[in-house]
Every structure is written in C-alpha cells, then in structure tokens.
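Take a look at the structure below.
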Amino acid sequence: MGKIVAGIGSSHVPGVGRAYDLGRQESPAWKPLFDGYVPVKKWLEEEIKADVAIVVYNDHGTAFFFDRVPTFALGTGDVYPIADEGWGPRPLPPVPGDSDLSAHIARSLVEDEFDITMCYDMPVDHGLLTPLPLLWSHDPEWNVKVIPFAVNVLLHPLPTALRCFKIGQAIRRAVESYPADTRVAIVGTGGLSHQLNGERFGFLAPDFDKEWLDRIVSDPEGLTKLSHDELMLRAGAEAVEVIMWLVMRGAMSPEVVELHRNYYAPLVTGMGLISMVDA
Amino acid sequence: MDIPGTYVFDIPRARRGYGFNRMAYSLQDPANRAIYLEDELAYMRRFELSEAQVAAVQSRDWLTLIKEGANSYMLMKLGATIGVGHYHQGAQERGESYEEFLATRNVPGAT
C-alpha cells in the first residue's frame, strides 16, 4: 500500500530560484539558505527514497488567472512544463508526474467529500519549483515524480487553515489506500512572514516564524485556529500562504519527529525549512 | 480587518484591477513582451485598463497601481518585462529609494 514517508515545509521565493540558477550556493549572502537544504536532500536520497512528492503550493497567476480560480487543484498529468513567469522558463527539465496515483487521489478525495479541480496539462511556477531542486536531483532528469496540489492563497476568500489541515488528512487516506507500494513525501510550501504589497511591503516577523516552525511540529491543531486576518496582521499579507504547510502536516501522523530545521530572513521573506517523519 | 499599508486582494479588488492584471498576465508569452516593449501604450490599449491604470504604468507608479487593483504577482510580470525588479517596486511602495529600502534589510547582498 502507499505510504507517507516524509513531510517537509519550505518557503518558495523567486530570488532563491534565481540564485540557484546562477550558482550562488556558496556566496555569503545565500550560503545560510542553501546549506540548510543539503542534509535534507541527502536524507531524502539515501534514506527516504520517495517515489513521488506531493507538492502543496500556490500558483502565482501563472497557470491560473483571476478569470477562474480553483480553491484546490490537483495535477493529474504525466508531465508538467516549467512556466515562463516573465523572465523566461528556468533551466530545469519538465517535472514528471504520476498520473495513476493522481487519478487515485482524485477519486479518493472526492469520495471523501473534498471536491477538487483536476488539471491534466498545467505549467508549474516558482511556488512548486523553488524547493524542488533543493530537495531532489534533476541532472539530467528528476529523481522523483511530482504531484502538484495547488491551493488558492491569492484571491480572497481563501480556504481556512482548518480546511487545509483536513484536506491533508484526506490526502493521507488517499495515499494509504493506494494498492501499489508507493513511497510518498509531501511538501508544504510558502511563507513564512512576508508582505509584497503596499506601504507595508517588506514586513518581517521572525518571532512569528519561530513560533510557526515550533507549532507545525507540536501544535498543528492550534495553528488551524488562526484566522487569515490574524496571520496577515502578525506575519504580513502574503504570509497567509503558510496555511499550505497545514496540508502537509495534516497528511502526517498526529505525533511527528522533527529531523531538520533551517531559517534565514535576508531580505523580504522569512525562509523556513523543516522536515519530519511520523513518530 | 483593515491593516494599514495593506491591500488584500479580494473579489472587488480583482474586479477593479482586471484590465491591468489581464494585460500583465499576457506578458508570460515572450512574443507579447516584445510587442509590449515596441509600443507600451498601444499594447495597453489592447486590454481594458482604466485611464488611471494606464497613467500609473506610464509613470511607473507602483503604489497607485496596487490601489487600482493590481496584483503583486502581476506587477512582477510587468517588472520582468520592463526590467524593474520587484524590490525596486516594493521600495517605491514604501515611499523609499531602493538604497534606503536595502538599508532596512538583514542581508542587503541577497538580491
């Protein structure tokens, strides 16, 4: 049967992708960020050996425009192209999917009363692509298949934190009812504190970020009680996307063991990284 | 809740910004970026931007564009086309020069 073998939380920031593509992993300004991922990537490759990564992310007006906005969207394709967000596509190979597992997850979620938008052909942007090469290898091909799971965190009203947690629990039920012995890692992306609009642009909240990293491990149900307003007030308007980490956390067991953690806030985003396994 | 200096992107704001955002969204296509750079005003006229949005694009007035319903990620796509980085846009939204803004950051070199 399918099994959730690892949970990861990671920020997604376009500047990180650019620094990666320019080979700035060792530069003083970026090393504290990239170094945090090195042991996690090694652990994933040598110990976790996931067949599939479900990456919970948000599209940034790339595949979806504001003419139609799905609250929850599941990739169901065999391959996802690298999006051109305006700078040209990043030099990464297209991301392979697992259409059979996607089909199973789609059926399971809908039977479980979580209705989703199904996306067979969809480019993926920095929401998914920022952490992916920091966690898995892509030379010359990706060493993991990916199922994108997109959450609307752009156009309010957004799903609640609790709804995100519950759909994560439903994703776990879906994976565990899959007949094949597929090893699945789940990655929640986004956050931590940041704001990208208005006079409050650049708002950072390291105290909130530390609390979030602690409680995503020890008190996820407490985090599900936070309102969007409270998250935006305490951590910045775009920080509301941390609710996507709760999808990941909902897919883990109630008790987890934290294995890695990193935090770096050089410019406008508190960039967090955490890994965990079921206790 | 009203958070000072914050423009929460909801349905009324998306409605207000639709013309500008639709135009910026189209700039994901490199062919459209080339056409835009050839004649900015003519390109904008192909979409239903308000006159306030057209004027704000022409004057690179990012805070006004946000107030007129621009989505931050669409500002980024326009910025990518015209060569204005998002931190430059953000600095201006804060009412600061880029250098003043960087001086407020923990690691200004991480651009």
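Residues in the structure tokens are numbered from 1 in each chain, the chains being A, B, ... in the order shown, and ligands are numbered from 1 in the order shown.
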
Quick one: which chain A residues come within 8 Å of chain B, and what is the nearest atom pair for each with the distance in Å to one decimal, counting only C-alpha atoms, rows ordered by chain and ascending number, as JSON lines?
{"residue": "A:Gly15", "atom": "CA", "partner": "B:Thr111", "partner_atom": "CA", "distance": 7.0}
{"residue": "A:Ala29", "atom": "CA", "partner": "B:Ala110", "partner_atom": "CA", "distance": 5.0}
{"residue": "A:Trp30", "atom": "CA", "partner": "B:Ala110", "partner_atom": "CA", "distance": 6.4}
{"residue": "A:His60", "atom": "CA", "partner": "B:Tyr73", "partner_atom": "CA", "distance": 6.2}
{"residue": "A:Gly61", "atom": "CA", "partner": "B:Tyr73", "partner_atom": "CA", "distance": 6.8}
{"residue": "A:Thr62", "atom": "CA", "partner": "B:Tyr25", "partner_atom": "CA", "distance": 7.4}
{"residue": "A:Phe65", "atom": "CA", "partner": "B:Tyr25", "partner_atom": "CA", "distance": 7.3}
{"residue": "A:Phe66", "atom": "CA", "partner": "B:Ala14", "partner_atom": "CA", "distance": 7.1}
{"residue": "A:Asp84", "atom": "CA", "partner": "B:Gln28", "partner_atom": "CA", "distance": 5.6}
{"residue": "A:Glu85", "atom": "CA", "partner": "B:Gln28", "partner_atom": "CA", "distance": 5.4}
{"residue": "A:Gly86", "atom": "CA", "partner": "B:Gln28", "partner_atom": "CA", "distance": 4.8}
{"residue": "A:Trp87", "atom": "CA", "partner": "B:Ala80", "partner_atom": "CA", "distance": 5.7}
{"residue": "A:Gly88", "atom": "CA", "partner": "B:Pro30", "partner_atom": "CA", "distance": 7.5}
{"residue": "A:Leu154", "atom": "CA", "partner": "B:Phe9", "partner_atom": "CA", "distance": 6.8}
{"residue": "A:Leu155", "atom": "CA", "partner": "B:Asp10", "partner_atom": "CA", "distance": 5.2}
{"residue": "A:His156", "atom": "CA", "partner": "B:Asp10", "partner_atom": "CA", "distance": 4.4}
{"residue": "A:Pro157", "atom": "CA", "partner": "B:Asp10", "partner_atom": "CA", "distance": 6.7}
{"residue": "A:Leu196", "atom": "CA", "partner": "B:Ser72", "partner_atom": "CA", "distance": 6.4}
{"residue": "A:Asn197", "atom": "CA", "partner": "B:Ser72", "partner_atom": "CA", "distance": 6.1}
{"residue": "A:Gly198", "atom": "CA", "partner": "B:Gly5", "partner_atom": "CA", "distance": 5.1}
{"residue": "A:Glu199", "atom": "CA", "partner": "B:Arg94", "partner_atom": "CA", "distance": 4.1}
{"residue": "A:Arg200", "atom": "CA", "partner": "B:Gly5", "partner_atom": "CA", "distance": 4.8}
{"residue": "A:Phe201", "atom": "CA", "partner": "B:Gly90", "partner_atom": "CA", "distance": 5.8}
{"residue": "A:Gly202", "atom": "CA", "partner": "B:Gly90", "partner_atom": "CA", "distance": 7.4}
{"residue": "A:Asp229", "atom": "CA", "partner": "B:Met1", "partner_atom": "CA", "distance": 6.5}
{"residue": "A:Leu233", "atom": "CA", "partner": "B:Ile3", "partner_atom": "CA", "distance": 6.6}
{"residue": "A:Ala237", "atom": "CA", "partner": "B:Thr6", "partner_atom": "CA", "distance": 7.0}
{"residue": "A:Ala265", "atom": "CA", "partner": "B:Asn106", "partner_atom": "CA", "distance": 7.0}
{"residue": "A:Pro266", "atom": "CA", "partner": "B:Val107", "partner_atom": "CA", "distance": 4.5}
{"residue": "A:Leu267", "atom": "CA", "partner": "B:Arg105", "partner_atom": "CA", "distance": 5.3}
{"residue": "A:Val268", "atom": "CA", "partner": "B:Arg105", "partner_atom": "CA", "distance": 7.5}

**Request:** Any chance you could list, as a ChimeraX atom specification, the residues in chain B that come up helix (DSSP H, G or I) when DSSP is run on the backbone?
**Result:** /B:11-28,30-38,40-45,51-58,62-67,72-82,86-94,98-103

**Item:** Exercise: Thr189 in chain A partners within 10 Å, only C-alpha atoms, chain neighbours under 3 positions left out, as a list in words
**Value:**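 Counting only the stated atoms, we get Ile8, Gly9, Ser10, Ser11, His12, Val13, Val55, Val56, Tyr57, Asn58, Gly127, Leu128, Thr130, Pro131, Ile186, Leu192, Glu241, Val242, Ile243, Met244, Trp245, Leu246, Val247, Met248, Gly272 and Leu273 of chain A.
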
Only N, CA and C atoms, please: the residues just picked out, written as a PDB file, in the first residue's frame.
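The resulting selection-v6.pdb:
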ATOM      1  N   ILE A   8       7.731  17.741   4.639  1.00  0.00           N
ATOM      2  CA  ILE A   8       8.686  18.851   4.563  1.00  0.00           C
ATOM      3  C   ILE A   8       7.913  20.154   4.444  1.00  0.00           C
ATOM      4  N   GLY A   9       8.366  21.160   5.156  1.00  0.00           N
ATOM      5  CA  GLY A   9       7.857  22.517   4.962  1.00  0.00           C
ATOM      6  C   GLY A   9       8.975  23.363   4.391  1.00  0.00           C
ATOM      7  N   SER A  10       8.672  24.162   3.383  1.00  0.00           N
ATOM      8  CA  SER A  10       9.710  25.005   2.768  1.00  0.00           C
ATOM      9  C   SER A  10       9.085  26.254   2.186  1.00  0.00           C
ATOM     10  N   SER A  11       9.774  27.372   2.350  1.00  0.00           N
ATOM     11  CA  SER A  11       9.352  28.594   1.666  1.00  0.00           C
ATOM     12  C   SER A  11       9.576  28.455   0.163  1.00  0.00           C
ATOM     13  N   HIS A  12       8.946  29.323  -0.606  1.00  0.00           N
ATOM     14  CA  HIS A  12       9.212  29.386  -2.051  1.00  0.00           C
ATOM     15  C   HIS A  12       9.348  30.853  -2.445  1.00  0.00           C
ATOM     16  N   VAL A  13      10.518  31.205  -2.937  1.00  0.00           N
ATOM     17  CA  VAL A  13      10.835  32.614  -3.216  1.00  0.00           C
ATOM     18  C   VAL A  13      11.526  32.685  -4.577  1.00  0.00           C
ATOM     19  N   VAL A  55       3.529  18.014  -3.899  1.00  0.00           N
ATOM     20  CA  VAL A  55       3.991  19.356  -3.536  1.00  0.00           C
ATOM     21  C   VAL A  55       2.784  20.287  -3.439  1.00  0.00           C
ATOM     22  N   VAL A  56       2.517  20.740  -2.236  1.00  0.00           N
ATOM     23  CA  VAL A  56       1.412  21.657  -1.972  1.00  0.00           C
ATOM     24  C   VAL A  56       1.946  23.070  -2.155  1.00  0.00           C
ATOM     25  N   TYR A  57       1.405  23.785  -3.102  1.00  0.00           N
ATOM     26  CA  TYR A  57       1.979  25.086  -3.461  1.00  0.00           C
ATOM     27  C   TYR A  57       0.839  25.968  -3.955  1.00  0.00           C
ATOM     28  N   ASN A  58       1.179  27.233  -4.197  1.00  0.00           N
ATOM     29  CA  ASN A  58       0.194  28.060  -4.886  1.00  0.00           C
ATOM     30  C   ASN A  58       0.763  28.550  -6.203  1.00  0.00           C
ATOM     31  N   GLY A 127       6.229  28.601  -7.156  1.00  0.00           N
ATOM     32  CA  GLY A 127       5.610  28.030  -5.960  1.00  0.00           C
ATOM     33  C   GLY A 127       6.021  26.592  -5.761  1.00  0.00           C
ATOM     34  N   LEU A 128       6.091  25.858  -6.839  1.00  0.00           N
ATOM     35  CA  LEU A 128       6.499  24.452  -6.792  1.00  0.00           C
ATOM     36  C   LEU A 128       7.998  24.304  -7.053  1.00  0.00           C
ATOM     37  N   THR A 130      10.664  26.371  -6.600  1.00  0.00           N
ATOM     38  CA  THR A 130      11.739  26.861  -5.722  1.00  0.00           C
ATOM     39  C   THR A 130      12.320  25.728  -4.875  1.00  0.00           C
ATOM     40  N   PRO A 131      11.506  24.999  -4.131  1.00  0.00           N
ATOM     41  CA  PRO A 131      12.129  23.976  -3.275  1.00  0.00           C
ATOM     42  C   PRO A 131      12.550  22.707  -4.023  1.00  0.00           C
ATOM     43  N   ILE A 186       5.530  14.434   1.217  1.00  0.00           N
ATOM     44  CA  ILE A 186       4.628  15.567   0.982  1.00  0.00           C
ATOM     45  C   ILE A 186       5.329  16.846   1.437  1.00  0.00           C
ATOM     46  N   LEU A 192       7.758  32.074   5.073  1.00  0.00           N
ATOM     47  CA  LEU A 192       6.952  32.356   6.254  1.00  0.00           C
ATOM     48  C   LEU A 192       6.598  33.847   6.214  1.00  0.00           C
ATOM     49  N   GLU A 241      -0.100  32.410   3.217  1.00  0.00           N
ATOM     50  CA  GLU A 241       0.093  31.152   2.491  1.00  0.00           C
ATOM     51  C   GLU A 241       0.679  30.049   3.363  1.00  0.00           C
ATOM     52  N   VAL A 242       1.090  30.363   4.583  1.00  0.00           N
ATOM     53  CA  VAL A 242       1.558  29.285   5.473  1.00  0.00           C
ATOM     54  C   VAL A 242       0.478  28.240   5.723  1.00  0.00           C
ATOM     55  N   ILE A 243      -0.763  28.578   5.436  1.00  0.00           N
ATOM     56  CA  ILE A 243      -1.824  27.570   5.606  1.00  0.00           C
ATOM     57  C   ILE A 243      -1.535  26.329   4.756  1.00  0.00           C
ATOM     58  N   MET A 244      -0.704  26.481   3.720  1.00  0.00           N
ATOM     59  CA  MET A 244      -0.390  25.305   2.887  1.00  0.00           C
ATOM     60  C   MET A 244       0.498  24.304   3.620  1.00  0.00           C
ATOM     61  N   TRP A 245       1.253  24.791   4.610  1.00  0.00           N
ATOM     62  CA  TRP A 245       2.037  23.848   5.421  1.00  0.00           C
ATOM     63  C   TRP A 245       1.102  22.925   6.204  1.00  0.00           C
ATOM     64  N   LEU A 246      -0.109  23.412   6.486  1.00  0.00           N
ATOM     65  CA  LEU A 246      -1.052  22.589   7.258  1.00  0.00           C
ATOM     66  C   LEU A 246      -1.626  21.457   6.429  1.00  0.00           C
ATOM     67  N   VAL A 247      -1.619  21.589   5.109  1.00  0.00           N
ATOM     68  CA  VAL A 247      -1.994  20.437   4.266  1.00  0.00           C
ATOM     69  C   VAL A 247      -0.966  19.331   4.478  1.00  0.00           C
ATOM     70  N   MET A 248       0.307  19.711   4.407  1.00  0.00           N
ATOM     71  CA  MET A 248       1.383  18.743   4.649  1.00  0.00           C
ATOM     72  C   MET A 248       1.237  18.127   6.037  1.00  0.00           C
ATOM     73  N   GLY A 272      11.748  29.510   5.826  1.00  0.00           N
ATOM     74  CA  GLY A 272      11.805  28.389   6.753  1.00  0.00           C
ATOM     75  C   GLY A 272      11.944  27.072   6.025  1.00  0.00           C
ATOM     76  N   LEU A 273      12.551  26.117   6.724  1.00  0.00           N
ATOM     77  CA  LEU A 273      12.666  24.744   6.206  1.00  0.00           C
ATOM     78  C   LEU A 273      12.538  23.814   7.389  1.00  0.00           C
TER      79      LEU A 273
END

**Shell around Val79 in chain A at 7 Å using only C-alpha atoms, local window under 3 positions removed, as a list in words** =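 Result of the neighbour search: Pro94, Val95, Pro96 and Gly97 of chain A.
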
How would the residues just picked look written out with C-alpha atoms as a CSV table (one decimal), in the first residue's frame?
chain,number,residue,atom,x,y,z
A,94,PRO,CA,10.0,19.3,-17.2
A,95,VAL,CA,8.6,17.7,-14.0
A,96,PRO,CA,7.4,14.2,-14.3
A,97,GLY,CA,4.0,13.3,-12.9

**Shell of 7 Å around Leu226 in chain A, only C-alpha atoms, local chain residues under 4 positions omitted, as JSON, numbers by chain** = {"A": [161, 230, 231]}

**Prompt:** When distances are computed from only C-alpha atoms, which of B:Glu100, B:Met23, B:Arg16, B:Gly85 shows the smallest separation from Arg46 in chain B?
**Reply:**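 Closest residue, counting only C-alpha atoms: B:Met23.
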
**Request:** Mind checking which residues fall within 7 Å of Ala50 in chain A, counting only C-alpha atoms, ignoring those fewer than 4 positions away in the same chain, and posting them as a ChimeraX atom specification?
**Result:** /A:144,183-185

Those selected residues, please, written with C-alpha atoms and delivered as a compact mmCIF listing (two decimals), in the first residue's frame.
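Contents of selection-v9.txt, as written:
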# COMPACT_ATOMS: atom_id res chain seq x y z
CA VAL A 144 11.26 11.83 -8.15
CA ARG A 183 6.56 5.85 -1.11
CA VAL A 184 5.22 9.40 -0.94
CA ALA A 185 6.83 12.52 0.50

**Request:** For Asn152 in chain A, please output as a count of residues only all residues within 8 Å (counting only C-alpha atoms; exclusion window: fewer than 2 positions along the same chain).
**Result:** 11
